[in-house]
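Peer 1: One structure, as structure tokens, below. Some questions next.
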Amino acid sequence: MRIQSDNTPSPSSALTELGRIAVGEKVERSGQVVPSSIDSFRIRGDHAEAVHKVYGETITELPILFYSDQEEIVCNERLEIRTADGKLFGYGDNHTFHIWNDELKKYAVTTVEKRPHIRDETVTFLQKNLHPGKAKLIKWLPVLTLRFVIRDIPLLGYWQFSTRAVQTTIPNLRNKFDEYKKLFGSVQYLPFLLKVKKVKSNKPGMVYQYPIVDLVPQFSFETAHRLARHLRENPQADVSHWLSENGDKPEQLPTALE
């Protein structure tokens with residue numbers, strides 16, 4: 001799904017969700033529990049230990065594979081709005097929206113043609129009777145979700161990473177996914193590294209650090225150049241098969257140090 005895209009039902013995945021990955025955690029400050037960013041991946045779920053067993057306790061990069069080329073499945077972007085207590089009240093692609101109907105106990109579907117002001121109406125409804133400090137937090141926010149397989153983990157299923165970093169990680173991951181798919185014709189089963197690091201803000205008068213997540217092809221520039229040329233000559237070629245036959249050796253693959 002892409003914001004402002006034509007509405008199409010999101011295909012369901014046949015794989016099971018194994019867990020979720022985040023770059024934040026909840027900490028206690030001044031007697032309150034608040035979110036805090038970190039510079040490593042936090043693995044969550046019943047199978048987290050399987051990942052730590054292979055990649056260690058502090059993980060800053062993960063070798064991943066996308067198990068589909070469909071954006072709706074593996075690189076999904078949508079708008080979300082939540083209630084004051086954090087429950088998902090609505091989501092959509094800026095054209096078609098799914099809004100919670102308490103009477104029906106399900107999300108009702110509507111479009112901007114039917115309700116042109118649906119976004120503003122939803123915000124107004126959720127802000128009703130809230131303290132101004134809480135009311136200003138009620139807003140539609142973009143969310144990008146990646147779903148992928150972590151290599152060398154002996155479990156059949158996918159892992160999920162979601163971000164609301166609209167000015168940093170969202171455009172970075174979305175644009176790179178789209179660029180790689182356009183360049184190679186497919187991203188399915190290609191080796192990538194999902195990496196996280198903290199960077200410093202360079203805005204005047206602002207001194208703080210924040211994590212940014214990056215997506216890096218795990219093969220060299222020379223291999224990428226040869227692959228792109230091969231795809232121009234053979235548009236229907238199997239990318240993953242070509243890489244297995246002509247790609248880099250493991251010791252040639254780029255790492256976080258390169």
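By convention here, the chains of the structure tokens are called A, B, ... in the order presented, each chain's residues are numbered starting at 1, and ligands are numbered starting at 1 in the order presented.
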Can you tell me, as a ChimeraX atom specification, which residues in region 129-222 of chain A count as strand (DSSP E) by DSSP?
Peer 2: /A:141-150,158-163,192-200,209-217
Peer 1: Residues at most 8 Å from Phe184 (chain A), counting only C-alpha atoms, excluding those fewer than 6 positions away in the same chain, as a compact mmCIF listing (two decimals) with N, CA and C atoms, in the first residue's frame?
Peer 2:
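The new file part_21.txt reads:
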```txt
# COMPACT_ATOMS: atom_id res chain seq x y z
N LEU A 227 24.35 -7.12 -12.72
CA LEU A 227 22.97 -7.59 -12.63
C LEU A 227 22.03 -6.67 -13.40
N ALA A 228 22.21 -5.35 -13.25
CA ALA A 228 21.36 -4.40 -13.97
C ALA A 228 21.51 -4.58 -15.49
N LEU A 231 19.68 -7.70 -16.55
CA LEU A 231 18.23 -7.53 -16.57
C LEU A 231 17.77 -6.71 -17.77
N VAL A 239 16.18 -13.09 -10.82
CA VAL A 239 17.25 -12.33 -10.17
C VAL A 239 17.97 -13.16 -9.11
```
Peer 1: Find the spatial neighbours of Val123 (chain A), counting only C-alpha atoms, within a cut-off of 10 Å - ignore same-chain residues fewer than 3 positions away - and output them as a PyMOL selection string.
Peer 2: chain A and resi 81-83+118-120+126-128+135-140
Peer 1: Env of Arg174 (chain A): 9 Å cut, atoms = only C-alpha atoms, seq-sep filter 3 positions within chain, self excluded. Answer as a list in words.
Peer 2: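 In the requested form, the answer reads Cys75, Asn76, Glu77, Leu144, Thr169, Ile170, Pro171, Phe177, Asp178 and Glu179 of chain A.
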Peer 1: With N, CA and C atoms retained, write the just-selected residues as a CSV table (one decimal), in the first residue's frame.
Peer 2:
```csv
chain,number,residue,atom,x,y,z
A,75,CYS,N,6.3,-4.1,2.2
A,75,CYS,CA,6.7,-2.7,2.4
A,75,CYS,C,5.5,-1.8,2.4
A,76,ASN,N,4.7,-1.9,3.4
A,76,ASN,CA,3.4,-1.3,3.5
A,76,ASN,C,3.4,0.0,4.2
A,77,GLU,N,2.8,1.0,3.5
A,77,GLU,CA,2.8,2.4,4.1
A,77,GLU,C,1.3,2.8,4.2
A,144,LEU,N,5.2,3.1,8.3
A,144,LEU,CA,5.7,2.2,7.3
A,144,LEU,C,6.1,0.8,8.0
A,169,THR,N,13.4,7.7,8.7
A,169,THR,CA,13.4,6.3,8.4
A,169,THR,C,12.4,6.0,7.3
A,170,ILE,N,11.2,6.6,7.4
A,170,ILE,CA,10.1,6.2,6.5
A,170,ILE,C,10.5,6.6,5.0
A,171,PRO,N,10.9,7.8,4.7
A,171,PRO,CA,11.3,8.1,3.3
A,171,PRO,C,12.6,7.3,2.9
A,177,PHE,N,13.6,0.9,-1.1
A,177,PHE,CA,12.8,-0.3,-1.6
A,177,PHE,C,12.4,-0.1,-3.0
A,178,ASP,N,11.8,1.1,-3.3
A,178,ASP,CA,11.2,1.3,-4.6
A,178,ASP,C,12.4,1.4,-5.6
A,179,GLU,N,13.5,2.1,-5.2
A,179,GLU,CA,14.6,2.2,-6.2
A,179,GLU,C,15.2,0.8,-6.5
```
Peer 1: Rounded to one decimal place, report the CA of Asp69 (chain A)-CA of Arg147 (chain A) distance in Å.
Peer 2: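 Answer for the CA of Asp69 (chain A) to CA of Arg147 (chain A) separation: 11.1 Å.
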Peer 1: Would you kindly return, as a list in words, each protein, DNA or RNA residue with an atom no farther than 12 Å from any atom of Thr110 (chain A), considering only C-alpha atoms and excluding same-chain residues fewer than 2 positions away?
Peer 2: Asn7, Gly90, Tyr91, Gly92, Asp93, Asn94, His95, Thr96, Phe97, His98, Ile99, Trp100, Asn101, Tyr107, Ala108, Val112, Glu113, Lys114, Arg115, Pro116, His117, Ile118 and Arg119 of chain A
Peer 1: Step one, run DSSP on the backbone; step two, keep only residues of region 25-248 of chain A assigned to helix (DSSP H, G or I); then write them as number ranges by chain.
Peer 2: A: 48-55, 71-74, 118-127, 132-135, 169-184, 221-233, 239-246
Peer 1: Do you have the CA of Arg20 (chain A)-CA of Arg44 (chain A) distance handy?
Peer 2: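 Spanning CA of Arg20 (chain A) to CA of Arg44 (chain A) is a straight-line distance of 5.2 Å.
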Peer 1: As a list of chain:residue names, please: the residues near Thr60 (chain A) (cut-off 12 Å, only C-alpha atoms, same-chain neighbours under 3 positions excluded).
Peer 2: A:Ile21, A:Ala22, A:Val23, A:Ile38, A:Asp39, A:Ser40, A:Phe41, A:Arg42, A:Ile43, A:His52, A:Tyr55, A:Gly56, A:Glu57, A:Pro63, A:Leu193, A:Leu194, A:Lys195, A:Val196, A:Lys197, A:Lys198, A:Pro211, A:Ile212, A:Val213, A:Asp214, A:Thr255, A:Ala256, A:Leu257
